[in-house]
Amino acid sequence: MIPLLDQDAILRAKANTKKPETMEEQGLRVRYHVENPLKGGRAQRFLEAFAAILKHSSYGLILEQYVRTSLKCARCAVSCMLYEATGDPKDVPCYRSAFLIETYRRHFTLAGSLKAKLFGDPGLTDETIEEMADSFYNCTACRKCVLECPAGIDHGLLTHLGRYILSEIGITPRALVVSVREQVQGKTRNTSAIPIPAMIDSCEFLEEEIEEAKGAKVKFPIDQEGAEHLFFAPVSDYMMEADTLCGIAAVLHQIGASWTIGTKNFDGINYGLFYSDIIMDRVLNEIPKEVKRLKTKKVLIGECGHASRTAKVFLKTFCEEGESPPVVSIIELTHAALKAGKLKLDPNVVTDRVVYHDPCNMARKGWIIDQPREILRAFCKDYVEMTPNGRENYCCGGGGGTVSIDELRPYRTSIAGKKKAEQLQETGAKLVVAPCANCKKQLREVVDDNGLDCEIVGLHDLIFRAIILQENDSPEKTPESTIPNE
Amino acid sequence: MLEFWLELAKGPIFRFSFALCVLGLARIVMLSAWGAAKAYYAAGDKELPYSLIWRTTIHWLFPIRMGLRNRPFFSIVSILFHIGLIIVPIFLFAHIQLWYQGAGLWWPAIPRHLAEFLTVTTILSAILLFLARVWSSASRHISRGQEFMWPLLLIIPFLSGFFCSHPAWSPLSYNAMLLIHILSGNFILLLIPLTKISHCILTPFSQFISELGWHFPKNSAKDVEITLGKQGQPI
Ligand code: HEM
Ligand code: SF4
C-alpha cells in the first residue's frame, strides 16, 4: 500500500487562491474561477434544469437503475486515484455519485418524496450544490472506477451529468467557457483563438522544419477540396506540439494519403464532453459543415483523447442521419500503414527507455490500446509498460477538462497526478509517450512539480524522430485497404 | 396460540410476501425493460458494444477473478455470503417439502450437511461483512442505515433455521424459533423489491443499461435548450 499524502500537502493542494471578495460576492466557494454563477434560488433552478434534462434524455434510465442497485460496497474506492492519494471518504466514487442519485431519489421518485414528507427532509440545498460543484470537478471523469463496480454504476457518466446540470445554473470553470465561446461564436472559431493566418504560417514553418530534418518536401495541405481526410488536431498543437504535427504530416506524406486542413474549422477540441451536451452537440454539428464544404470523405482526428472520443462516439449521436462522416484516429491510420509495411522507422534513433501512457478516452472501452504499442515496439529499443495499463490505466490526473483550469494546477499535480507520477517513476522511463494534448500538458506539469526526470512526447513526435522519408513529389494514391474504415 | 401463528406465517403471510416479492421484482424488471427500450429507440447511435457488455456482465455475475484484485478479503467473504444466501433457501430439503405439500412442486435438494455448512458460512460471513463495513472508513462513510442493517437482518432466518434443525442447542422452544425463522424470512421477501436487494434481479442488466446511458437521444440537447428557454443565447 502506497502511503497517502499528508494532511498539510492535501491542504496546500486544495488551497483556494481566489479573492475572498469574489467568492463572497458570488456566494460560491470553489477553487476554480466561475464567470457568472446564478445567485439565489440555485437549488430550485438546479432541479428545473435536472427535470428538463430528464425529460428529453435517457439519464432517467440509469438513475432509476442506480437508485435501486447502488450497493455501497466501496470497491470503487480502491480504484480511484483521488481516494488513493487522500484517503478522504469524500473522494470515494460512490460518495460522489450519491449527490445525484440521492437528489434524484428525493425529488423525482414517488418513494423519495413520500419519505421526505414523512421525515420533513428539506431536499436539495445550496450547500449540497456547492459540494457538488467542488466534487464533480475533482473527478476527472476517467471512468476507471466503472471497471470495479459490481452494480455497473458508471460514476463517470454521473460526473458528466452533474456538470451538465451545474452548467445550466452558471457553474462551469471559466477556462472552459471562455474557450468554448471563442470556438462557437468567436472570430477564429477555435478554442485557443489562433488566427487563421497564424495557423497557416505555422504550417509553412513546419514544412520547412521537416525539410530541414528529413530532407523531404512534406505538405500541410490547406483547404484542398475533395481530399479523403479532413484533419482536426487539438488546436493547441499548432502552438505547443510542433513535433507531433510534423510526425503526422510525415506519416501521411509517406503513405501518400490525401488530406487537408480546413480553414473554417480545424479544431478537434470539444469541451462539451466535459460540461454540457448542448455544447457538445453544437461543436460537433460544425464538423459535417466543413466536411461538406471541402467535399472530404472522412474525419481524421489528431493526437487527442477526448477529441477522438467525441467525434468517434458522438457524431453519430448528434448529427443528422447520413450527415455524420466516418471518423478515423491518426493512430489507427499510422498503425495500418505500419502493418502494410509502408513506414520505414529507424530502430537506432530512439534508444532511451520509452513508456506509453493510455489516454482514458481512447483506452477505457478498448478502442486504442494495442495499436500505439505495436508502433512503438517496432522502433523503440527499450520499450516498457507501466502497471496497470490499457483499459485499466490510471488517468493522467488532468482529464475531464481540468487540465485547462490553471488555478487547479496544485491539485492536479499533487493529488490527481500522484498515482501517475509514481507509475512513471517506477518504470524509470526517460520518454513518456502520451498521444493526447491534454495528457501531455498535464504530464509535463506533473513531471515538473514532482521533480521527475523524464520527457513527455507524443506518439508521432517519436515517429518523426525515427521515420525515414523518401523524396516523393507526386504521392501516389493510397490503396483503400491500408486505411481503416472508421 | 403459537401454533395458530405458525400456521398463519406458513400459509397466508408467506403467500402474500412471496407474491409481493415476485410481483415487485417483475414490476421493476418491466419498468427497466421499458425504460431501456425507450432509450434504445431514442438513441442517436444504436450501435452498442455487445461483446464487451456480455463479458463484463458475466464477469460480475460469476466474480471469480475480481476477488483477488481489489478488497480481496471483503470479496471472498461476500462471495461465500451470497452462495449460502441463494442456495440454502431454495435447495433446502425442508423448504422443498413445503413447496411439494403446498403446490405440488418438486426439485432436487442439497445434502443436509452441505446445507448446514453453507448456513454457518453465511452467518459468519454476514458478521464479517458487517464488521468490515464498520471498520473500513470508505465503506462506513458511504453507507446508509440499510447497509448496516442488511447483514444483521439476514442472519436472523439463517440462525433461527440452524436452531430449528438443532433444537438441542436452541435457547427457545422449537415452535418459537420456527416462528422467528418464518416471519423474518417473510419480512425479507417483502423488502427485496423495495430496497437495494432488488440488485438480485437488476445486476444482470446493469452493464447494458450503463452502456445505453451513454447513447444519448439525437435531439436531447436541443430539446433541453428549448425547454429551458435558452436556444440561440450566446455562451
Ligand atoms: C443472483 C443474485 C445476486 C447477485 C448477482 C448479487 C450480487 C451482489 C453484488 C455484486 C454485491 C456487492 C458487492 C460485493 O459484496 O461484493 C452484493 C451485495 C449484497 N448482496 Fe447480493 N447478489 C445477489 C443476490 C442477493 C440476495 C438474494 C440477497 C439477499 C437476500 C443479497 C444480499 C446482498 C447484501 C446484503 C449485500 C451487501 C453486502 C455488504 O454488506 O456489503 N444478494 N450482491
Ligand atoms: S471517474 Fe476517475 S476520478 Fe472520477 S471517481 Fe471514478 S476513478 Fe475517480
# chains A, B, ... in the order shown; residues from 1 in each chain; ligands from 1

$ residues_near_ligand --ligand "ligand 2" --cutoff "7 Å" --atoms "only C-alpha atoms and all ligand atoms" --output "count of residues only"
17

$ closest_atom_pairs --of "chain B" --to "chain A" --cutoff "8 Å" --atoms "only C-alpha atoms" --output "JSON lines"
{"residue": "B:Ser32", "atom": "CA", "partner": "A:Leu61", "partner_atom": "CA", "distance": 7.3}
{"residue": "B:Gly35", "atom": "CA", "partner": "A:Leu61", "partner_atom": "CA", "distance": 5.7}
{"residue": "B:Ala36", "atom": "CA", "partner": "A:Leu61", "partner_atom": "CA", "distance": 6.7}
{"residue": "B:Ala39", "atom": "CA", "partner": "A:Ser58", "partner_atom": "CA", "distance": 5.6}
{"residue": "B:Ala43", "atom": "CA", "partner": "A:Thr317", "partner_atom": "CA", "distance": 6.9}
{"residue": "B:Gly44", "atom": "CA", "partner": "A:Thr317", "partner_atom": "CA", "distance": 3.9}
{"residue": "B:Asp45", "atom": "CA", "partner": "A:Thr317", "partner_atom": "CA", "distance": 4.8}
{"residue": "B:Trp60", "atom": "CA", "partner": "A:Pro150", "partner_atom": "CA", "distance": 5.6}
{"residue": "B:Asn70", "atom": "CA", "partner": "A:Arg75", "partner_atom": "CA", "distance": 6.9}
{"residue": "B:Arg71", "atom": "CA", "partner": "A:Arg75", "partner_atom": "CA", "distance": 6.7}
{"residue": "B:Ser137", "atom": "CA", "partner": "A:Pro89", "partner_atom": "CA", "distance": 6.9}
{"residue": "B:Ala138", "atom": "CA", "partner": "A:Pro89", "partner_atom": "CA", "distance": 5.1}
{"residue": "B:Ser139", "atom": "CA", "partner": "A:Ala74", "partner_atom": "CA", "distance": 5.1}
{"residue": "B:His141", "atom": "CA", "partner": "A:Pro89", "partner_atom": "CA", "distance": 6.1}
{"residue": "B:Ile142", "atom": "CA", "partner": "A:Tyr95", "partner_atom": "CA", "distance": 5.6}
{"residue": "B:Ser143", "atom": "CA", "partner": "A:Lys72", "partner_atom": "CA", "distance": 6.2}
{"residue": "B:Glu147", "atom": "CA", "partner": "A:Lys72", "partner_atom": "CA", "distance": 7.4}
{"residue": "B:Thr195", "atom": "CA", "partner": "A:Arg68", "partner_atom": "CA", "distance": 6.6}
{"residue": "B:Lys196", "atom": "CA", "partner": "A:Thr69", "partner_atom": "CA", "distance": 5.1}
{"residue": "B:Ile197", "atom": "CA", "partner": "A:Thr69", "partner_atom": "CA", "distance": 7.4}
{"residue": "B:Ser198", "atom": "CA", "partner": "A:Arg68", "partner_atom": "CA", "distance": 6.6}
{"residue": "B:His199", "atom": "CA", "partner": "A:Thr69", "partner_atom": "CA", "distance": 5.0}
{"residue": "B:Leu202", "atom": "CA", "partner": "A:Thr69", "partner_atom": "CA", "distance": 7.1}
{"residue": "B:Thr203", "atom": "CA", "partner": "A:Ala151", "partner_atom": "CA", "distance": 5.8}
{"residue": "B:Ser206", "atom": "CA", "partner": "A:Gly152", "partner_atom": "CA", "distance": 5.1}
{"residue": "B:Gln207", "atom": "CA", "partner": "A:Gly152", "partner_atom": "CA", "distance": 5.1}
{"residue": "B:Ile209", "atom": "CA", "partner": "A:Ile62", "partner_atom": "CA", "distance": 6.4}
{"residue": "B:Ser210", "atom": "CA", "partner": "A:Asp154", "partner_atom": "CA", "distance": 6.1}
{"residue": "B:Gly213", "atom": "CA", "partner": "A:Ile62", "partner_atom": "CA", "distance": 6.0}
{"residue": "B:Trp214", "atom": "CA", "partner": "A:Leu157", "partner_atom": "CA", "distance": 7.2}
{"residue": "B:His215", "atom": "CA", "partner": "A:Thr317", "partner_atom": "CA", "distance": 7.1}
{"residue": "B:Phe216", "atom": "CA", "partner": "A:Ser58", "partner_atom": "CA", "distance": 6.3}
{"residue": "B:Pro217", "atom": "CA", "partner": "A:Ser57", "partner_atom": "CA", "distance": 5.9}
{"residue": "B:Lys218", "atom": "CA", "partner": "A:Phe318", "partner_atom": "CA", "distance": 5.0}
{"residue": "B:Asn219", "atom": "CA", "partner": "A:Phe318", "partner_atom": "CA", "distance": 6.9}
{"residue": "B:Ser220", "atom": "CA", "partner": "A:His56", "partner_atom": "CA", "distance": 5.1}
{"residue": "B:Ala221", "atom": "CA", "partner": "A:Ile278", "partner_atom": "CA", "distance": 4.7}
{"residue": "B:Lys222", "atom": "CA", "partner": "A:Ile278", "partner_atom": "CA", "distance": 6.6}
{"residue": "B:Asp223", "atom": "CA", "partner": "A:His56", "partner_atom": "CA", "distance": 6.3}
{"residue": "B:Val224", "atom": "CA", "partner": "A:Ala52", "partner_atom": "CA", "distance": 5.7}
{"residue": "B:Glu225", "atom": "CA", "partner": "A:Ile278", "partner_atom": "CA", "distance": 7.2}
{"residue": "B:Thr227", "atom": "CA", "partner": "A:Ala52", "partner_atom": "CA", "distance": 6.4}
{"residue": "B:Leu228", "atom": "CA", "partner": "A:Ala52", "partner_atom": "CA", "distance": 7.0}
{"residue": "B:Pro234", "atom": "CA", "partner": "A:Gln185", "partner_atom": "CA", "distance": 7.8}
{"residue": "B:Ile235", "atom": "CA", "partner": "A:Arg181", "partner_atom": "CA", "distance": 5.7}

$ select_by_dssp --residues "range 265-469 of chain A" --states "strand (DSSP E)" --output "list in words"
Lys298, Val299, Leu300, Ile301, Val327, Val328, Ser329, Arg353, Val354, Val355, Tyr356, Asp382, Tyr383, Val384, Leu431, Val432, Val433, Glu455, Ile456 and Val457 of chain A

$ closest_atom_pairs --of "chain B" --to "ligand 1" --cutoff "9 Å" --atoms "only C-alpha atoms and all ligand atoms" --output "JSON lines"
{"residue": "B:Trp60", "atom": "CA", "partner": "ligand 1", "partner_atom_place_in_ligand_line": "10 (C)", "distance": 6.4}
{"residue": "B:Leu61", "atom": "CA", "partner": "ligand 1", "partner_atom_place_in_ligand_line": "5 (C)", "distance": 4.9}
{"residue": "B:Phe62", "atom": "CA", "partner": "ligand 1", "partner_atom_place_in_ligand_line": "5 (C)", "distance": 7.7}
{"residue": "B:Pro63", "atom": "CA", "partner": "ligand 1", "partner_atom_place_in_ligand_line": "10 (C)", "distance": 8.0}
{"residue": "B:Met66", "atom": "CA", "partner": "ligand 1", "partner_atom_place_in_ligand_line": "16 (O)", "distance": 8.9}
{"residue": "B:Gly67", "atom": "CA", "partner": "ligand 1", "partner_atom_place_in_ligand_line": "16 (O)", "distance": 8.1}
{"residue": "B:Arg71", "atom": "CA", "partner": "ligand 1", "partner_atom_place_in_ligand_line": "16 (O)", "distance": 9.0}
{"residue": "B:Phe74", "atom": "CA", "partner": "ligand 1", "partner_atom_place_in_ligand_line": "16 (O)", "distance": 7.0}
{"residue": "B:Ser75", "atom": "CA", "partner": "ligand 1", "partner_atom_place_in_ligand_line": "16 (O)", "distance": 5.0}
{"residue": "B:Ile76", "atom": "CA", "partner": "ligand 1", "partner_atom_place_in_ligand_line": "16 (O)", "distance": 7.9}
{"residue": "B:Val77", "atom": "CA", "partner": "ligand 1", "partner_atom_place_in_ligand_line": "15 (O)", "distance": 8.0}
{"residue": "B:Ser78", "atom": "CA", "partner": "ligand 1", "partner_atom_place_in_ligand_line": "15 (O)", "distance": 4.6}
{"residue": "B:Ile79", "atom": "CA", "partner": "ligand 1", "partner_atom_place_in_ligand_line": "16 (O)", "distance": 6.6}
{"residue": "B:Phe81", "atom": "CA", "partner": "ligand 1", "partner_atom_place_in_ligand_line": "33 (C)", "distance": 8.1}
{"residue": "B:His82", "atom": "CA", "partner": "ligand 1", "partner_atom_place_in_ligand_line": "42 (N)", "distance": 6.0}
{"residue": "B:Ile83", "atom": "CA", "partner": "ligand 1", "partner_atom_place_in_ligand_line": "24 (C)", "distance": 8.8}
{"residue": "B:Leu85", "atom": "CA", "partner": "ligand 1", "partner_atom_place_in_ligand_line": "27 (C)", "distance": 6.2}
{"residue": "B:Ile86", "atom": "CA", "partner": "ligand 1", "partner_atom_place_in_ligand_line": "27 (C)", "distance": 5.5}
{"residue": "B:Ala126", "atom": "CA", "partner": "ligand 1", "partner_atom_place_in_ligand_line": "40 (O)", "distance": 7.3}
{"residue": "B:Leu128", "atom": "CA", "partner": "ligand 1", "partner_atom_place_in_ligand_line": "40 (O)", "distance": 8.9}
{"residue": "B:Leu129", "atom": "CA", "partner": "ligand 1", "partner_atom_place_in_ligand_line": "40 (O)", "distance": 5.1}
{"residue": "B:Phe130", "atom": "CA", "partner": "ligand 1", "partner_atom_place_in_ligand_line": "40 (O)", "distance": 5.9}
{"residue": "B:Ala132", "atom": "CA", "partner": "ligand 1", "partner_atom_place_in_ligand_line": "41 (O)", "distance": 8.2}
{"residue": "B:Arg133", "atom": "CA", "partner": "ligand 1", "partner_atom_place_in_ligand_line": "40 (O)", "distance": 6.7}
{"residue": "B:Ser139", "atom": "CA", "partner": "ligand 1", "partner_atom_place_in_ligand_line": "41 (O)", "distance": 8.5}
{"residue": "B:Gln146", "atom": "CA", "partner": "ligand 1", "partner_atom_place_in_ligand_line": "35 (C)", "distance": 8.9}
{"residue": "B:Glu147", "atom": "CA", "partner": "ligand 1", "partner_atom_place_in_ligand_line": "40 (O)", "distance": 5.9}
{"residue": "B:Phe148", "atom": "CA", "partner": "ligand 1", "partner_atom_place_in_ligand_line": "40 (O)", "distance": 6.8}
{"residue": "B:Met149", "atom": "CA", "partner": "ligand 1", "partner_atom_place_in_ligand_line": "35 (C)", "distance": 8.3}
{"residue": "B:Trp150", "atom": "CA", "partner": "ligand 1", "partner_atom_place_in_ligand_line": "35 (C)", "distance": 4.8}
{"residue": "B:Pro151", "atom": "CA", "partner": "ligand 1", "partner_atom_place_in_ligand_line": "35 (C)", "distance": 5.2}
{"residue": "B:Leu152", "atom": "CA", "partner": "ligand 1", "partner_atom_place_in_ligand_line": "35 (C)", "distance": 8.7}
{"residue": "B:Leu153", "atom": "CA", "partner": "ligand 1", "partner_atom_place_in_ligand_line": "35 (C)", "distance": 8.6}
{"residue": "B:Leu154", "atom": "CA", "partner": "ligand 1", "partner_atom_place_in_ligand_line": "30 (C)", "distance": 7.0}
{"residue": "B:Ile188", "atom": "CA", "partner": "ligand 1", "partner_atom_place_in_ligand_line": "30 (C)", "distance": 6.9}
{"residue": "B:Leu189", "atom": "CA", "partner": "ligand 1", "partner_atom_place_in_ligand_line": "30 (C)", "distance": 7.7}
{"residue": "B:Leu191", "atom": "CA", "partner": "ligand 1", "partner_atom_place_in_ligand_line": "30 (C)", "distance": 8.9}
{"residue": "B:Ile192", "atom": "CA", "partner": "ligand 1", "partner_atom_place_in_ligand_line": "30 (C)", "distance": 6.7}
{"residue": "B:Lys196", "atom": "CA", "partner": "ligand 1", "partner_atom_place_in_ligand_line": "34 (C)", "distance": 8.0}
{"residue": "B:Ile197", "atom": "CA", "partner": "ligand 1", "partner_atom_place_in_ligand_line": "31 (C)", "distance": 5.5}
{"residue": "B:Ser198", "atom": "CA", "partner": "ligand 1", "partner_atom_place_in_ligand_line": "25 (C)", "distance": 7.9}
{"residue": "B:His199", "atom": "CA", "partner": "ligand 1", "partner_atom_place_in_ligand_line": "22 (N)", "distance": 6.1}
{"residue": "B:Cys200", "atom": "CA", "partner": "ligand 1", "partner_atom_place_in_ligand_line": "2 (C)", "distance": 3.8}
{"residue": "B:Ile201", "atom": "CA", "partner": "ligand 1", "partner_atom_place_in_ligand_line": "2 (C)", "distance": 6.4}
{"residue": "B:Leu202", "atom": "CA", "partner": "ligand 1", "partner_atom_place_in_ligand_line": "5 (C)", "distance": 8.3}
{"residue": "B:Thr203", "atom": "CA", "partner": "ligand 1", "partner_atom_place_in_ligand_line": "5 (C)", "distance": 5.7}
{"residue": "B:Pro204", "atom": "CA", "partner": "ligand 1", "partner_atom_place_in_ligand_line": "5 (C)", "distance": 6.9}

$ residues_around --residues "range 324-335 of chain A" --least-positions-apart "2" --cutoff "7 Å" --atoms "only C-alpha atoms" --output "CSV table (one decimal) with N, CA, C and O atoms, in the first residue's frame"
chain,number,residue,atom,x,y,z
A,251,VAL,N,4.0,11.0,-41.7
A,251,VAL,CA,3.4,9.7,-42.0
A,251,VAL,C,2.4,9.8,-43.1
A,251,VAL,O,2.4,9.0,-44.1
A,288,PRO,N,-19.7,18.3,-39.8
A,288,PRO,CA,-20.2,18.0,-41.1
A,288,PRO,C,-20.2,19.2,-42.1
A,288,PRO,O,-20.1,19.0,-43.3
A,297,LYS,N,-14.1,12.9,-47.4
A,297,LYS,CA,-14.9,11.7,-47.1
A,297,LYS,C,-14.9,11.4,-45.6
A,297,LYS,O,-15.8,10.9,-45.1
A,298,LYS,N,-13.7,11.6,-45.0
A,298,LYS,CA,-13.6,11.1,-43.6
A,298,LYS,C,-13.0,12.3,-42.7
A,298,LYS,O,-12.4,13.2,-43.2
A,299,VAL,N,-13.3,12.0,-41.5
A,299,VAL,CA,-12.7,13.0,-40.5
A,299,VAL,C,-11.5,12.3,-39.8
A,299,VAL,O,-11.6,11.1,-39.4
A,300,LEU,N,-10.4,13.0,-39.8
A,300,LEU,CA,-9.2,12.4,-39.2
A,300,LEU,C,-8.8,13.2,-38.0
A,300,LEU,O,-8.7,14.4,-38.0
A,301,ILE,N,-8.8,12.5,-36.8
A,301,ILE,CA,-8.5,13.3,-35.6
A,301,ILE,C,-7.1,13.1,-35.2
A,301,ILE,O,-6.6,11.9,-35.2
A,302,GLY,N,-6.4,14.1,-34.8
A,302,GLY,CA,-5.0,14.1,-34.3
A,302,GLY,C,-4.9,13.4,-33.0
A,302,GLY,O,-5.7,12.7,-32.5
A,303,GLU,N,-3.7,13.7,-32.4
A,303,GLU,CA,-3.4,13.1,-31.1
A,303,GLU,C,-4.2,13.7,-30.0
A,303,GLU,O,-3.8,14.7,-29.4
A,308,SER,N,-10.9,12.6,-30.0
A,308,SER,CA,-11.2,11.4,-30.8
A,308,SER,C,-12.5,10.7,-30.3
A,308,SER,O,-13.3,10.3,-31.1
A,311,ALA,N,-15.7,12.7,-31.4
A,311,ALA,CA,-16.0,12.6,-32.8
A,311,ALA,C,-16.5,11.2,-33.1
A,311,ALA,O,-17.5,11.0,-33.7
A,312,LYS,N,-15.7,10.2,-32.6
A,312,LYS,CA,-16.0,8.8,-32.9
A,312,LYS,C,-17.3,8.4,-32.4
A,312,LYS,O,-18.1,7.7,-33.1
A,315,LEU,N,-20.6,11.9,-32.9
A,315,LEU,CA,-21.0,12.5,-34.2
A,315,LEU,C,-22.3,11.8,-34.6
A,315,LEU,O,-23.3,12.4,-35.0
A,316,LYS,N,-22.3,10.4,-34.5
A,316,LYS,CA,-23.4,9.6,-34.9
A,316,LYS,C,-24.6,10.0,-34.0
A,316,LYS,O,-25.8,9.9,-34.5
A,319,CYS,N,-25.5,14.2,-35.0
A,319,CYS,CA,-25.7,14.7,-36.3
A,319,CYS,C,-26.8,14.0,-37.0
A,319,CYS,O,-27.1,12.9,-36.7
A,320,GLU,N,-27.4,14.7,-38.0
A,320,GLU,CA,-28.5,14.1,-38.8
A,320,GLU,C,-28.1,12.8,-39.4
A,320,GLU,O,-26.9,12.7,-39.8
A,321,GLU,N,-29.0,11.9,-39.6
A,321,GLU,CA,-28.8,10.7,-40.3
A,321,GLU,C,-28.1,10.9,-41.6
A,321,GLU,O,-28.5,11.8,-42.4
A,322,GLY,N,-27.1,10.2,-41.9
A,322,GLY,CA,-26.4,10.3,-43.2
A,322,GLY,C,-25.4,11.5,-43.3
A,322,GLY,O,-24.7,11.8,-44.2
A,337,ALA,N,-0.7,1.7,-41.6
A,337,ALA,CA,0.4,1.9,-42.5
A,337,ALA,C,1.6,1.1,-42.1
A,337,ALA,O,2.2,0.5,-43.0
A,338,LEU,N,1.8,1.0,-40.8
A,338,LEU,CA,2.9,0.2,-40.4
A,338,LEU,C,2.7,-1.3,-40.7
A,338,LEU,O,3.6,-2.0,-41.2
A,339,LYS,N,1.5,-1.8,-40.5
A,339,LYS,CA,1.1,-3.2,-40.8
A,339,LYS,C,1.3,-3.4,-42.3
A,339,LYS,O,1.7,-4.5,-42.7
A,371,GLN,N,-2.6,-0.7,-30.8
A,371,GLN,CA,-2.1,-0.1,-32.0
A,371,GLN,C,-0.8,0.8,-31.7
A,371,GLN,O,0.2,0.5,-32.3
A,372,PRO,N,-0.9,1.7,-30.7
A,372,PRO,CA,0.3,2.5,-30.5
A,372,PRO,C,1.5,1.7,-29.9
A,372,PRO,O,2.6,2.0,-30.2
A,375,ILE,N,3.2,0.1,-32.7
A,375,ILE,CA,4.1,1.1,-33.4
A,375,ILE,C,5.4,1.3,-32.7
A,375,ILE,O,6.5,1.3,-33.2
A,483,ILE,N,-6.3,2.0,-45.3
A,483,ILE,CA,-6.9,2.9,-44.5
A,483,ILE,C,-8.1,2.3,-43.8
A,483,ILE,O,-9.0,1.9,-44.4
A,484,PRO,N,-8.0,2.2,-42.5
A,484,PRO,CA,-9.1,1.5,-41.8
A,484,PRO,C,-10.4,2.3,-42.0
A,484,PRO,O,-10.4,3.5,-42.1
A,486,GLU,N,-13.3,3.8,-40.6
A,486,GLU,CA,-13.6,4.3,-39.3
A,486,GLU,C,-13.1,3.6,-38.1
A,486,GLU,O,-12.7,2.5,-38.1

$ atom_distance --atom1 "CA of Ala9 in chain B" --atom2 "CA of Arg27 in chain B"
24.8 Å

$ closest_residue --among "A:Arg106, A:Arg293, A:Lys344, A:Lys441" --to "Asp237 in chain A" --atoms "only C-alpha atoms"
A:Lys441

$ atom_distance --atom1 "CA of Trp107 in chain B" --atom2 "CA of Phe91 in chain B"
7.9 Å

$ residues_around --residues "range 388-391 of chain A" --least-positions-apart "4" --cutoff "6 Å" --atoms "only C-alpha atoms" --output "list of chain:residue names"
A:Ala363, A:Arg364, A:Gly366, A:Ile369

$ write_last_selection --atoms "C-alpha atoms" --output "JSON list (two decimals), in the first residue's frame"
[["chain", "number", "residue", "atom", "x", "y", "z"],
["A", 363, "ALA", "CA", -8.40, 3.11, -23.85],
["A", 364, "ARG", "CA", -11.20, 2.72, -21.35],
["A", 366, "GLY", "CA", -10.74, -0.88, -25.50],
["A", 369, "ILE", "CA", -4.67, 0.19, -26.84]]

$ atom_distance --atom1 "CA of Leu230 in chain A" --atom2 "CA of Gly215 in chain A"
25.7 Å

$ select_by_dssp --residues "range 22-66 of chain A" --states "alpha helix (DSSP H)" --output "list in words"
Thr22, Met23, Glu24, Glu25, Gln26, Arg42, Ala43, Gln44, Arg45, Phe46, Leu47, Glu48, Ala49, Phe50, Ala51, Ala52, Ile53, Leu54, Lys55, His56, Tyr59, Gly60, Leu61, Ile62, Leu63, Glu64, Gln65 and Tyr66 of chain A
